[in-house]
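K.L.:
Got final-v7.cif for you, mmCIF, C-alpha atoms:
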```cif
data_query
#
loop_
_atom_site.group_PDB
_atom_site.id
_atom_site.type_symbol
_atom_site.label_atom_id
_atom_site.label_comp_id
_atom_site.auth_asym_id
_atom_site.auth_seq_id
_atom_site.Cartn_x
_atom_site.Cartn_y
_atom_site.Cartn_z
ATOM 1 C CA MET A 1 150.686 27.828 157.475
ATOM 2 C CA THR A 2 147.523 29.089 155.902
ATOM 3 C CA ASP A 3 147.784 32.307 157.934
ATOM 4 C CA ILE A 4 151.101 33.390 156.443
ATOM 5 C CA ALA A 5 149.584 35.166 153.449
ATOM 6 C CA ARG A 6 147.142 37.064 155.662
ATOM 7 C CA LEU A 7 149.747 37.973 158.290
ATOM 8 C CA HIS A 8 152.175 39.051 155.575
ATOM 9 C CA ARG A 9 149.516 41.243 153.961
ATOM 10 C CA GLU A 10 148.534 42.771 157.305
ATOM 11 C CA LEU A 11 152.153 43.561 158.190
ATOM 12 C CA ILE A 12 152.688 45.405 154.910
ATOM 13 C CA ALA A 13 149.405 47.282 155.321
ATOM 14 C CA ARG A 14 150.432 48.398 158.837
ATOM 15 C CA VAL A 15 153.851 49.770 157.901
ATOM 16 C CA LEU A 16 152.614 51.499 154.764
ATOM 17 C CA GLY A 17 149.316 52.662 156.262
ATOM 18 C CA GLY A 18 148.197 55.478 158.504
ATOM 19 C CA GLY A 19 150.049 54.617 161.716
ATOM 20 C CA GLY A 20 153.454 56.041 160.843
ATOM 21 C CA THR A 21 155.177 59.326 161.580
ATOM 22 C CA ALA A 22 157.256 59.378 158.381
ATOM 23 C CA LEU A 23 155.408 60.508 155.283
ATOM 24 C CA PRO A 24 153.500 57.668 153.601
ATOM 25 C CA GLU A 25 155.321 58.324 150.318
ATOM 26 C CA THR A 26 158.681 58.059 152.123
ATOM 27 C CA ARG A 27 157.725 54.745 153.697
ATOM 28 C CA ARG A 28 156.445 53.470 150.355
ATOM 29 C CA ALA A 29 159.677 54.486 148.625
ATOM 30 C CA ALA A 30 161.705 52.767 151.357
ATOM 31 C CA PHE A 31 159.606 49.629 150.910
ATOM 32 C CA ASP A 32 160.098 49.754 147.127
ATOM 33 C CA GLY A 33 163.782 50.682 147.405
ATOM 34 C CA ALA A 34 163.263 53.347 144.755
ATOM 35 C CA GLY A 35 162.627 57.056 144.408
ATOM 36 C CA LEU A 36 164.606 58.362 147.395
ATOM 37 C CA ASN A 37 167.276 61.044 147.507
ATOM 38 C CA GLU A 38 170.442 61.006 149.606
ATOM 39 C CA PRO A 39 171.072 60.364 152.416
ATOM 40 C CA LEU A 40 167.942 58.224 152.749
ATOM 41 C CA ARG A 41 168.735 56.315 149.579
ATOM 42 C CA SER A 42 172.040 55.020 150.958
ATOM 43 C CA LEU A 43 170.466 53.909 154.224
ATOM 44 C CA VAL A 44 167.564 52.165 152.510
ATOM 45 C CA ASP A 45 169.828 50.454 149.962
ATOM 46 C CA LYS A 46 172.077 49.183 152.730
ATOM 47 C CA VAL A 47 169.214 47.905 154.885
ATOM 48 C CA ALA A 48 167.786 46.071 151.887
ATOM 49 C CA LEU A 49 170.938 44.625 150.355
ATOM 50 C CA HIS A 50 173.818 44.884 152.882
ATOM 51 C CA ALA A 51 172.304 45.557 156.274
ATOM 52 C CA ASP A 52 175.538 44.485 157.947
ATOM 53 C CA GLN A 53 177.165 47.546 156.366
ATOM 54 C CA VAL A 54 174.845 50.091 157.996
ATOM 55 C CA THR A 55 176.907 52.440 160.166
ATOM 56 C CA ASP A 56 176.250 54.985 162.875
ATOM 57 C CA ASP A 57 177.101 57.656 160.283
ATOM 58 C CA ASP A 58 174.248 56.462 158.037
ATOM 59 C CA ILE A 59 171.813 57.016 160.892
ATOM 60 C CA VAL A 60 173.343 60.371 161.822
ATOM 61 C CA ALA A 61 173.099 61.523 158.209
ATOM 62 C CA VAL A 62 169.362 60.873 157.890
ATOM 63 C CA GLN A 63 168.734 62.480 161.269
ATOM 64 C CA ALA A 64 170.725 65.521 160.137
ATOM 65 C CA ALA A 65 168.437 65.624 157.096
ATOM 66 C CA GLY A 66 165.492 66.066 159.454
ATOM 67 C CA LEU A 67 164.208 62.604 160.342
ATOM 68 C CA SER A 68 163.362 61.782 163.945
ATOM 69 C CA GLU A 69 164.413 58.482 165.518
ATOM 70 C CA ASP A 70 160.889 57.156 165.030
ATOM 71 C CA GLN A 71 161.006 58.083 161.363
ATOM 72 C CA VAL A 72 164.380 56.375 160.951
ATOM 73 C CA PHE A 73 162.902 53.307 162.650
ATOM 74 C CA GLU A 74 159.956 53.286 160.256
ATOM 75 C CA VAL A 75 162.089 53.775 157.153
ATOM 76 C CA ALA A 76 164.406 50.906 158.135
ATOM 77 C CA VAL A 77 161.449 48.635 158.906
ATOM 78 C CA CYS A 78 159.870 49.411 155.526
ATOM 79 C CA ALA A 79 163.154 48.822 153.687
ATOM 80 C CA ALA A 80 163.665 45.450 155.394
ATOM 81 C CA ILE A 81 160.105 44.279 154.802
ATOM 82 C CA GLY A 82 160.130 45.474 151.193
ATOM 83 C CA GLN A 83 163.268 43.539 150.277
ATOM 84 C CA ALA A 84 162.145 40.406 152.127
ATOM 85 C CA ASP A 85 158.802 40.674 150.338
ATOM 86 C CA ARG A 86 160.476 40.873 146.913
ATOM 87 C CA GLU A 87 162.638 37.846 147.656
ATOM 88 C CA TYR A 88 159.655 35.888 148.968
ATOM 89 C CA LYS A 89 157.553 36.620 145.880
ATOM 90 C CA ASN A 90 160.470 35.836 143.556
ATOM 91 C CA ALA A 91 160.938 32.463 145.232
ATOM 92 C CA LEU A 92 157.232 31.612 145.202
ATOM 93 C CA ALA A 93 157.121 32.433 141.502
ATOM 94 C CA ALA A 94 160.141 30.192 140.872
ATOM 95 C CA LEU A 95 158.426 27.387 142.775
ATOM 96 C CA ALA A 96 155.244 27.889 140.776
ATOM 97 C CA THR A 97 157.219 27.619 137.549
ATOM 98 C CA ALA A 98 158.974 24.481 138.773
ATOM 99 C CA THR A 99 155.752 22.784 139.783
ATOM 100 C CA GLY A 100 153.660 24.066 136.892
ATOM 101 C CA GLU A 101 151.340 25.893 139.266
ATOM 102 C CA THR A 102 150.097 29.381 138.626
ATOM 103 C CA GLY A 103 149.615 32.024 141.297
ATOM 104 C CA ALA A 104 151.375 29.958 143.944
ATOM 105 C CA THR A 105 150.982 32.424 146.797
ATOM 106 C CA LYS A 106 149.321 30.812 149.783
ATOM 107 C CA MET B 1 171.452 49.421 169.732
ATOM 108 C CA ARG B 2 171.637 52.386 167.356
ATOM 109 C CA LEU B 3 168.343 54.109 168.112
ATOM 110 C CA GLN B 4 167.764 55.281 171.677
ATOM 111 C CA ILE B 5 164.012 54.861 171.280
ATOM 112 C CA LEU B 6 164.532 51.113 170.858
ATOM 113 C CA ASP B 7 166.532 51.000 174.082
ATOM 114 C CA ARG B 8 164.532 53.356 176.262
ATOM 115 C CA GLY B 9 161.464 54.508 174.370
ATOM 116 C CA HIS B 10 158.985 51.901 175.573
ATOM 117 C CA PRO B 11 155.948 52.801 177.646
ATOM 118 C CA LEU B 12 156.119 52.270 181.418
ATOM 119 C CA ARG B 13 154.068 49.070 181.236
ATOM 120 C CA THR B 14 156.619 47.532 178.871
ATOM 121 C CA LYS B 15 159.533 48.753 180.982
ATOM 122 C CA ALA B 16 157.936 47.011 183.948
ATOM 123 C CA LEU B 17 157.695 43.815 181.907
ATOM 124 C CA PHE B 18 161.378 44.121 181.001
ATOM 125 C CA ALA B 19 162.194 44.430 184.709
ATOM 126 C CA VAL B 20 160.302 41.201 185.378
ATOM 127 C CA ILE B 21 162.144 39.468 182.528
ATOM 128 C CA ARG B 22 165.484 40.582 183.993
ATOM 129 C CA VAL B 23 164.575 39.268 187.442
ATOM 130 C CA VAL B 24 163.072 35.958 186.322
ATOM 131 C CA SER B 25 165.679 35.098 183.664
ATOM 132 C CA ARG B 26 168.588 36.697 185.563
ATOM 133 C CA GLN B 27 169.688 37.972 182.155
ATOM 134 C CA PRO B 28 169.482 41.352 180.423
ATOM 135 C CA VAL B 29 166.631 41.904 177.974
ATOM 136 C CA VAL B 30 168.057 41.108 174.543
ATOM 137 C CA ASP B 31 167.732 43.645 171.739
ATOM 138 C CA ALA B 32 165.352 41.453 169.703
ATOM 139 C CA VAL B 33 162.833 41.664 172.542
ATOM 140 C CA LYS B 34 163.248 45.433 172.776
ATOM 141 C CA LEU B 35 162.492 45.701 169.046
ATOM 142 C CA ALA B 36 159.520 43.343 169.258
ATOM 143 C CA PHE B 37 157.967 45.446 172.019
ATOM 144 C CA TYR B 38 158.589 48.821 170.377
ATOM 145 C CA ARG B 39 155.446 50.165 168.711
ATOM 146 C CA PRO B 40 153.991 46.710 167.963
ATOM 147 C CA ASP B 41 150.997 48.442 166.411
ATOM 148 C CA PHE B 42 153.343 49.610 163.649
ATOM 149 C CA TYR B 43 155.882 46.813 163.170
ATOM 150 C CA GLY B 44 154.655 43.906 165.244
ATOM 151 C CA ALA B 45 155.911 40.997 163.137
ATOM 152 C CA GLY B 46 155.583 38.535 166.014
ATOM 153 C CA ASP B 47 152.469 36.832 164.729
ATOM 154 C CA LEU B 48 153.971 36.317 161.260
ATOM 155 C CA THR B 49 157.202 34.978 162.735
ATOM 156 C CA HIS B 50 155.339 32.727 165.156
ATOM 157 C CA GLU B 51 153.225 31.230 162.384
ATOM 158 C CA ALA B 52 156.296 30.588 160.225
ATOM 159 C CA MET B 53 158.276 29.062 163.100
ATOM 160 C CA ARG B 54 155.597 27.329 165.170
ATOM 161 C CA GLY B 55 152.606 26.943 162.861
ATOM 162 C CA PRO B 56 151.666 23.579 161.354
ATOM 163 C CA SER B 57 154.366 22.272 159.012
ATOM 164 C CA ASP B 58 156.035 19.064 157.938
ATOM 165 C CA TRP B 59 159.305 20.623 159.120
ATOM 166 C CA SER B 60 160.149 20.236 162.790
ATOM 167 C CA ILE B 61 160.675 23.271 164.995
ATOM 168 C CA GLY B 62 164.381 22.416 165.076
ATOM 169 C CA ASP B 63 164.504 22.323 161.269
ATOM 170 C CA ARG B 64 162.892 25.747 161.062
ATOM 171 C CA GLU B 65 165.200 27.202 163.709
ATOM 172 C CA MET B 66 168.114 25.858 161.653
ATOM 173 C CA MET B 67 166.636 27.566 158.567
ATOM 174 C CA ALA B 68 166.429 30.817 160.540
ATOM 175 C CA ALA B 69 170.093 30.425 161.505
ATOM 176 C CA VAL B 70 171.146 29.758 157.903
ATOM 177 C CA VAL B 71 169.156 32.722 156.567
ATOM 178 C CA SER B 72 170.676 34.874 159.309
ATOM 179 C CA GLN B 73 174.153 33.687 158.420
ATOM 180 C CA ALA B 74 173.577 34.570 154.762
ATOM 181 C CA ASN B 75 172.459 37.998 155.997
ATOM 182 C CA ASP B 76 175.649 38.329 158.093
ATOM 183 C CA SER B 77 173.603 38.857 161.244
ATOM 184 C CA PRO B 78 175.635 37.621 164.229
ATOM 185 C CA PHE B 79 172.812 38.210 166.717
ATOM 186 C CA CYS B 80 170.278 36.139 164.775
ATOM 187 C CA VAL B 81 172.775 33.385 163.995
ATOM 188 C CA ALA B 82 173.575 33.052 167.697
ATOM 189 C CA ALA B 83 169.929 33.161 168.783
ATOM 190 C CA HIS B 84 168.624 30.585 166.321
ATOM 191 C CA SER B 85 171.665 28.308 166.477
ATOM 192 C CA ALA B 86 171.019 28.147 170.218
ATOM 193 C CA THR B 87 167.328 27.411 169.716
ATOM 194 C CA SER B 88 167.910 24.770 167.043
ATOM 195 C CA THR B 89 170.613 23.190 169.193
ATOM 196 C CA LEU B 90 168.288 23.056 172.182
ATOM 197 C CA TRP B 91 165.550 21.434 170.079
ATOM 198 C CA PHE B 92 167.821 18.781 168.573
ATOM 199 C CA ARG B 93 169.989 18.498 171.692
ATOM 200 C CA ASP B 94 172.826 18.308 169.174
ATOM 201 C CA ALA B 95 175.155 21.286 168.908
ATOM 202 C CA ALA B 96 177.439 19.513 166.442
ATOM 203 C CA LYS B 97 174.619 19.085 163.933
ATOM 204 C CA VAL B 98 173.757 22.788 163.926
ATOM 205 C CA THR B 99 177.387 23.859 163.875
ATOM 206 C CA ALA B 100 178.038 21.543 160.927
ATOM 207 C CA ALA B 101 175.053 22.890 158.980
ATOM 208 C CA LEU B 102 176.318 26.428 159.372
ATOM 209 C CA ALA B 103 179.881 25.458 158.490
ATOM 210 C CA ASP B 104 179.275 23.294 155.416
ATOM 211 C CA LEU B 105 175.880 22.278 154.092
ATOM 212 C CA ASP B 106 177.409 19.682 151.782
ATOM 213 C CA THR B 107 178.762 17.576 154.637
ATOM 214 C CA ALA B 108 176.391 18.366 157.518
ATOM 215 C CA PRO B 109 174.625 15.307 159.037
ATOM 216 C CA ILE B 110 171.118 16.309 157.963
ATOM 217 C CA GLY B 111 168.550 14.811 155.594
ATOM 218 C CA GLU B 112 168.673 15.555 151.878
ATOM 219 C CA PRO B 113 165.367 17.494 151.726
ATOM 220 C CA LEU B 114 166.554 19.813 154.501
ATOM 221 C CA ARG B 115 170.044 20.147 152.998
ATOM 222 C CA ALA B 116 168.653 21.159 149.595
ATOM 223 C CA THR B 117 166.170 23.528 151.199
ATOM 224 C CA LEU B 118 168.846 25.235 153.293
ATOM 225 C CA ARG B 119 171.018 25.582 150.184
ATOM 226 C CA MET B 120 168.171 27.273 148.322
ATOM 227 C CA LEU B 121 167.398 29.597 151.245
ATOM 228 C CA ALA B 122 171.055 30.620 151.518
ATOM 229 C CA LYS B 123 171.149 31.419 147.803
ATOM 230 C CA LEU B 124 167.902 33.387 147.940
ATOM 231 C CA THR B 125 169.227 35.419 150.859
ATOM 232 C CA SER B 126 172.702 36.106 149.537
ATOM 233 C CA GLU B 127 171.801 36.614 145.861
ATOM 234 C CA HIS B 128 168.282 37.993 146.450
ATOM 235 C CA THR B 129 166.840 35.724 143.778
ATOM 236 C CA VAL B 130 166.339 32.076 142.878
ATOM 237 C CA GLY B 131 165.013 30.408 139.755
ATOM 238 C CA ALA B 132 162.897 27.425 138.800
ATOM 239 C CA ASP B 133 165.999 25.227 138.513
ATOM 240 C CA ASP B 134 166.847 25.961 142.142
ATOM 241 C CA MET B 135 163.357 24.850 143.136
ATOM 242 C CA ARG B 136 163.545 21.731 140.957
ATOM 243 C CA ALA B 137 166.732 20.772 142.807
ATOM 244 C CA VAL B 138 164.934 21.037 146.153
ATOM 245 C CA LEU B 139 161.964 19.029 144.874
ATOM 246 C CA ALA B 140 164.313 16.393 143.445
ATOM 247 C CA ALA B 141 165.939 16.074 146.872
ATOM 248 C CA GLY B 142 162.585 15.043 148.308
ATOM 249 C CA ALA B 143 161.089 18.225 149.747
ATOM 250 C CA THR B 144 157.439 18.800 148.872
ATOM 251 C CA ALA B 145 156.111 22.043 147.419
ATOM 252 C CA SER B 146 154.310 22.611 150.707
ATOM 253 C CA GLN B 147 157.551 22.220 152.647
ATOM 254 C CA ILE B 148 159.272 24.685 150.318
ATOM 255 C CA LYS B 149 156.512 27.234 150.885
ATOM 256 C CA ASP B 150 156.884 26.767 154.634
ATOM 257 C CA ALA B 151 160.645 27.251 154.362
ATOM 258 C CA LEU B 152 160.116 30.429 152.336
ATOM 259 C CA ALA B 153 157.896 31.749 155.111
ATOM 260 C CA VAL B 154 160.822 31.269 157.515
ATOM 261 C CA ALA B 155 163.066 33.132 155.065
ATOM 262 C CA LEU B 156 160.495 35.928 154.839
ATOM 263 C CA ALA B 157 160.334 36.354 158.612
ATOM 264 C CA PHE B 158 164.091 36.213 159.109
ATOM 265 C CA GLY B 159 164.864 38.222 155.995
ATOM 266 C CA ILE B 160 163.129 41.018 157.895
ATOM 267 C CA THR B 161 164.456 40.317 161.381
ATOM 268 C CA ALA B 162 168.095 39.779 160.416
ATOM 269 C CA ARG B 163 168.160 42.992 158.373
ATOM 270 C CA LEU B 164 166.749 44.965 161.281
ATOM 271 C CA ALA B 165 169.149 43.316 163.740
ATOM 272 C CA ASN B 166 172.025 44.602 161.607
ATOM 273 C CA ALA B 167 170.504 47.977 160.793
ATOM 274 C CA PHE B 168 169.886 48.667 164.488
ATOM 275 C CA ASP B 169 173.169 47.022 165.565
ATOM 276 C CA PHE B 170 171.817 44.483 168.025
ATOM 277 C CA ASP B 171 174.294 43.535 170.717
ATOM 278 C CA VAL B 172 175.150 39.847 170.640
ATOM 279 C CA ALA B 173 174.176 38.767 174.124
ATOM 280 C CA SER B 174 176.184 36.366 176.267
ATOM 281 C CA PRO B 175 175.824 32.604 175.654
ATOM 282 C CA ALA B 176 173.848 32.388 178.917
ATOM 283 C CA ALA B 177 171.409 35.071 177.734
ATOM 284 C CA MET B 178 171.058 33.385 174.349
ATOM 285 C CA ALA B 179 170.420 30.038 176.057
ATOM 286 C CA ALA B 180 167.722 31.624 178.225
ATOM 287 C CA GLY B 181 166.217 33.169 175.085
ATOM 288 C CA ALA B 182 166.277 29.814 173.316
ATOM 289 C CA GLN B 183 164.391 28.190 176.189
ATOM 290 C CA HIS B 184 161.788 30.928 176.023
ATOM 291 C CA LEU B 185 161.421 30.574 172.236
ATOM 292 C CA LEU B 186 160.831 26.836 172.575
ATOM 293 C CA ARG B 187 158.341 27.277 175.424
ATOM 294 C CA ARG B 188 156.419 30.278 174.181
ATOM 295 C CA GLY B 189 157.366 31.007 170.575
ATOM 296 C CA TYR B 190 157.488 34.473 169.078
ATOM 297 C CA ARG B 191 154.248 36.145 170.166
#
```
Could you render the structure as structure tokens?
P.N.:
Amino acid sequence: MTDIARLHRELIARVLGGGGTALPETRRAAFDGAGLNEPLRSLVDKVALHADQVTDDDIVAVQAAGLSEDQVFEVAVCAAIGQADREYKNALAALATATGETGATK
Amino acid sequence: MRLQILDRGHPLRTKALFAVIRVVSRQPVVDAVKLAFYRPDFYGAGDLTHEAMRGPSDWSIGDREMMAAVVSQANDSPFCVAAHSATSTLWFRDAAKVTAALADLDTAPIGEPLRATLRMLAKLTSEHTVGADDMRAVLAAGATASQIKDALAVALAFGITARLANAFDFDVASPAAMAAGAQHLLRRGYR
């Protein structure tokens, strides 16, 4: 799976790069899970940590705050990728410690 | 599906493809496909998922589909659990094995390296973190470091997909639709 690192990097670059309709700083904050105000903060926190608890009202609230459906889509995608990325890197680091490797990303 | 754009916002070319899928499979287009085909230039995680699930690995395709199901279960994503249980079951031709793995990892009839790996993936997903001791346990059970990295790639792909399935409220399709999807995933993969 030598392509995983490249594909992972390219995915993050796409969602945080120039192709979005939400502001780049909003997408970055959603990816990082930090620096957002309500109601976006609640939606992003739920997508990252309890996505099964996202409700229709969470979506309605961010749309009422001015986000289009495409922007909601992008924010949710960034939140999901950001949390999965943190977990992936945490686990690779744990593996590197266990095996005595350093910089164990592929 | 919570966002109308994911249901009906695709370009005409994609809508035509969906019509073909409906005719050929005799099943509705499942929500995961609608997401995969929505603005692939922005999200487009198919290549990453395909590499994790179908790229070279010492794990079988059935093992990796079982990992996807376990990660999805730890994410409380009914759609993804159903989809990847069906695909793993079709690969192994053994529904009881997959059902047992999802019900109780300690007693499921699977090998020790896979059991320990699934346990670690479930912990990573539900607690959002693992430590070196968790990895030592997987290594001690016989999984190689390379296998663990491959399993983490599965967790990466399905940590994204399962969250989005829940955030966008994917409908859990009928067993027949999931079975048709499983056949497609084994024939063609995720791209």
K.L.:
I'd like the contact shell of Glu65 (chain B) - 12 Å cut-off, all atoms listed in the file, skipping same-chain residues fewer than 5 positions apart - returned as number ranges by chain.
P.N.:
B: 49-50, 52-54, 59-60, 70-72, 80-92, 98, 101-102, 114, 118, 151, 154-155, 157-158, 182, 185-186, 189-190
K.L.:
Export C-alpha atoms of the chosen residues as a PDB file, in the frame of the given file?
P.N.:
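Heads up, here's the output in part26.pdb:
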```pdb
ATOM      1  CA  THR B  49     157.202  34.978 162.735  1.00  0.00           C
ATOM      2  CA  HIS B  50     155.339  32.727 165.156  1.00  0.00           C
ATOM      3  CA  ALA B  52     156.296  30.588 160.225  1.00  0.00           C
ATOM      4  CA  MET B  53     158.276  29.062 163.100  1.00  0.00           C
ATOM      5  CA  ARG B  54     155.597  27.329 165.170  1.00  0.00           C
ATOM      6  CA  TRP B  59     159.305  20.623 159.120  1.00  0.00           C
ATOM      7  CA  SER B  60     160.149  20.236 162.790  1.00  0.00           C
ATOM      8  CA  VAL B  70     171.146  29.758 157.903  1.00  0.00           C
ATOM      9  CA  VAL B  71     169.156  32.722 156.567  1.00  0.00           C
ATOM     10  CA  SER B  72     170.676  34.874 159.309  1.00  0.00           C
ATOM     11  CA  CYS B  80     170.278  36.139 164.775  1.00  0.00           C
ATOM     12  CA  VAL B  81     172.775  33.385 163.995  1.00  0.00           C
ATOM     13  CA  ALA B  82     173.575  33.052 167.697  1.00  0.00           C
ATOM     14  CA  ALA B  83     169.929  33.161 168.783  1.00  0.00           C
ATOM     15  CA  HIS B  84     168.624  30.585 166.321  1.00  0.00           C
ATOM     16  CA  SER B  85     171.665  28.308 166.477  1.00  0.00           C
ATOM     17  CA  ALA B  86     171.019  28.147 170.218  1.00  0.00           C
ATOM     18  CA  THR B  87     167.328  27.411 169.716  1.00  0.00           C
ATOM     19  CA  SER B  88     167.910  24.770 167.043  1.00  0.00           C
ATOM     20  CA  THR B  89     170.613  23.190 169.193  1.00  0.00           C
ATOM     21  CA  LEU B  90     168.288  23.056 172.182  1.00  0.00           C
ATOM     22  CA  TRP B  91     165.550  21.434 170.079  1.00  0.00           C
ATOM     23  CA  PHE B  92     167.821  18.781 168.573  1.00  0.00           C
ATOM     24  CA  VAL B  98     173.757  22.788 163.926  1.00  0.00           C
ATOM     25  CA  ALA B 101     175.053  22.890 158.980  1.00  0.00           C
ATOM     26  CA  LEU B 102     176.318  26.428 159.372  1.00  0.00           C
ATOM     27  CA  LEU B 114     166.554  19.813 154.501  1.00  0.00           C
ATOM     28  CA  LEU B 118     168.846  25.235 153.293  1.00  0.00           C
ATOM     29  CA  ALA B 151     160.645  27.251 154.362  1.00  0.00           C
ATOM     30  CA  VAL B 154     160.822  31.269 157.515  1.00  0.00           C
ATOM     31  CA  ALA B 155     163.066  33.132 155.065  1.00  0.00           C
ATOM     32  CA  ALA B 157     160.334  36.354 158.612  1.00  0.00           C
ATOM     33  CA  PHE B 158     164.091  36.213 159.109  1.00  0.00           C
ATOM     34  CA  ALA B 182     166.277  29.814 173.316  1.00  0.00           C
ATOM     35  CA  LEU B 185     161.421  30.574 172.236  1.00  0.00           C
ATOM     36  CA  LEU B 186     160.831  26.836 172.575  1.00  0.00           C
ATOM     37  CA  GLY B 189     157.366  31.007 170.575  1.00  0.00           C
ATOM     38  CA  TYR B 190     157.488  34.473 169.078  1.00  0.00           C
TER      39      TYR B 190
END
```
K.L.:
Apply the PyMOL selection byres ((chain A) within 8 of (chain B)) to the file shown and report the selected residues as JSON, numbers by chain.
P.N.:
{"A": [1, 3, 4, 7, 8, 11, 14, 15, 19, 20, 47, 48, 50, 51, 52, 53, 54, 55, 56, 59, 69, 70, 73, 76, 77, 80, 81, 83, 84, 85, 87, 88, 90, 91, 92, 94, 95, 96, 97, 98, 99]}
K.L.:
Which one of B:Gln183, B:Thr14, B:Ala103, B:Asp94 sits closest to Phe37 (chain B) if you count all atoms listed in the file?
P.N.:
B:Thr14
K.L.:
In Å to one decimal, how far is CA of Arg13 (chain B) from CA of Arg6 (chain A)?
P.N.:
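Separating CA of Arg6 (chain A) from CA of Arg13 (chain B) is a distance of 29.1 Å.
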K.L.:
Could you please determine the separation between CA of Pro24 (chain A) and CA of Ala61 (chain A) in Å, to one decimal place?
P.N.:
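Atom-to-atom, CA of Pro24 (chain A) to CA of Ala61 (chain A), that is 20.5 Å.
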K.L.:
So, with only C-alpha atoms as the atoms that count, which of B:Gly142, B:Ala100, B:Ala177, B:Arg191 lies closest to Arg26 (chain B)?
P.N.:
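Of all the options, B:Ala177 lies closest to Arg26 (chain B).
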K.L.:
In Å, how far is it from CA of Met67 (chain B) to CA of Arg115 (chain B)?
P.N.:
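Pair CA of Met67 (chain B) / CA of Arg115 (chain B) returns 9.9 Å.
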K.L.:
Restricting the calculation to only C-alpha atoms, which member of A:Ala93, A:Ala79, A:Ala5, A:Val62 is positioned closest to Leu40 (chain A)?
P.N.:
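Closest to Leu40 (chain A), using only C-alpha atoms: A:Val62.
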K.L.:
So, with all atoms listed in the file as the atoms that count, which of B:Ala69, B:Asp7, B:Leu12, B:Gln147 lies closest to Pro28 (chain B)?
P.N.:
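The closest residue to Pro28 (chain B) is B:Asp7.
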K.L.:
Taking the file as I've supplied it (selection: the PyMOL selection byres ((chain A and resi 34) around 12)), which residues are included? Please answer as an MDAnalysis selection string.
P.N.:
chainID A and resid 25:33 35:38 40:45 48 78:79 82:83
K.L.:
Selection from above, C-alpha atoms, as a short mmCIF file (atom, residue, chain, number, x, y, z; two decimals), keeping the file's coordinate frame, can you write it?
P.N.:
```cif
data_model
loop_
_atom_site.label_atom_id
_atom_site.label_comp_id
_atom_site.auth_asym_id
_atom_site.auth_seq_id
_atom_site.Cartn_x
_atom_site.Cartn_y
_atom_site.Cartn_z
CA GLU A 25 155.32 58.32 150.32
CA THR A 26 158.68 58.06 152.12
CA ARG A 27 157.72 54.74 153.70
CA ARG A 28 156.44 53.47 150.35
CA ALA A 29 159.68 54.49 148.62
CA ALA A 30 161.71 52.77 151.36
CA PHE A 31 159.61 49.63 150.91
CA ASP A 32 160.10 49.75 147.13
CA GLY A 33 163.78 50.68 147.40
CA GLY A 35 162.63 57.06 144.41
CA LEU A 36 164.61 58.36 147.40
CA ASN A 37 167.28 61.04 147.51
CA GLU A 38 170.44 61.01 149.61
CA LEU A 40 167.94 58.22 152.75
CA ARG A 41 168.74 56.32 149.58
CA SER A 42 172.04 55.02 150.96
CA LEU A 43 170.47 53.91 154.22
CA VAL A 44 167.56 52.16 152.51
CA ASP A 45 169.83 50.45 149.96
CA ALA A 48 167.79 46.07 151.89
CA CYS A 78 159.87 49.41 155.53
CA ALA A 79 163.15 48.82 153.69
CA GLY A 82 160.13 45.47 151.19
CA GLN A 83 163.27 43.54 150.28
#
```
K.L.:
Quick one: what's the axis-aligned box for region 16-24 of chain B, all listed atoms, 3 Å on every side, centre and edges in Å to one decimal, as JSON?
P.N.:
```
{"center_x": 161.6, "center_y": 41.5, "center_z": 184.2, "size_x": 13.8, "size_y": 17.1, "size_z": 12.4}
```
K.L.:
Go through B:Ile110, B:Arg8, B:Arg187, B:Met1 one by one, measure the shortest atom-to-atom distance of each to Ala32 (chain B) using only C-alpha atoms, and give the residue with the smallest value.
P.N.:
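Nearest candidate to Ala32 (chain B) out of B:Ile110, B:Arg8, B:Arg187, B:Met1: B:Met1.
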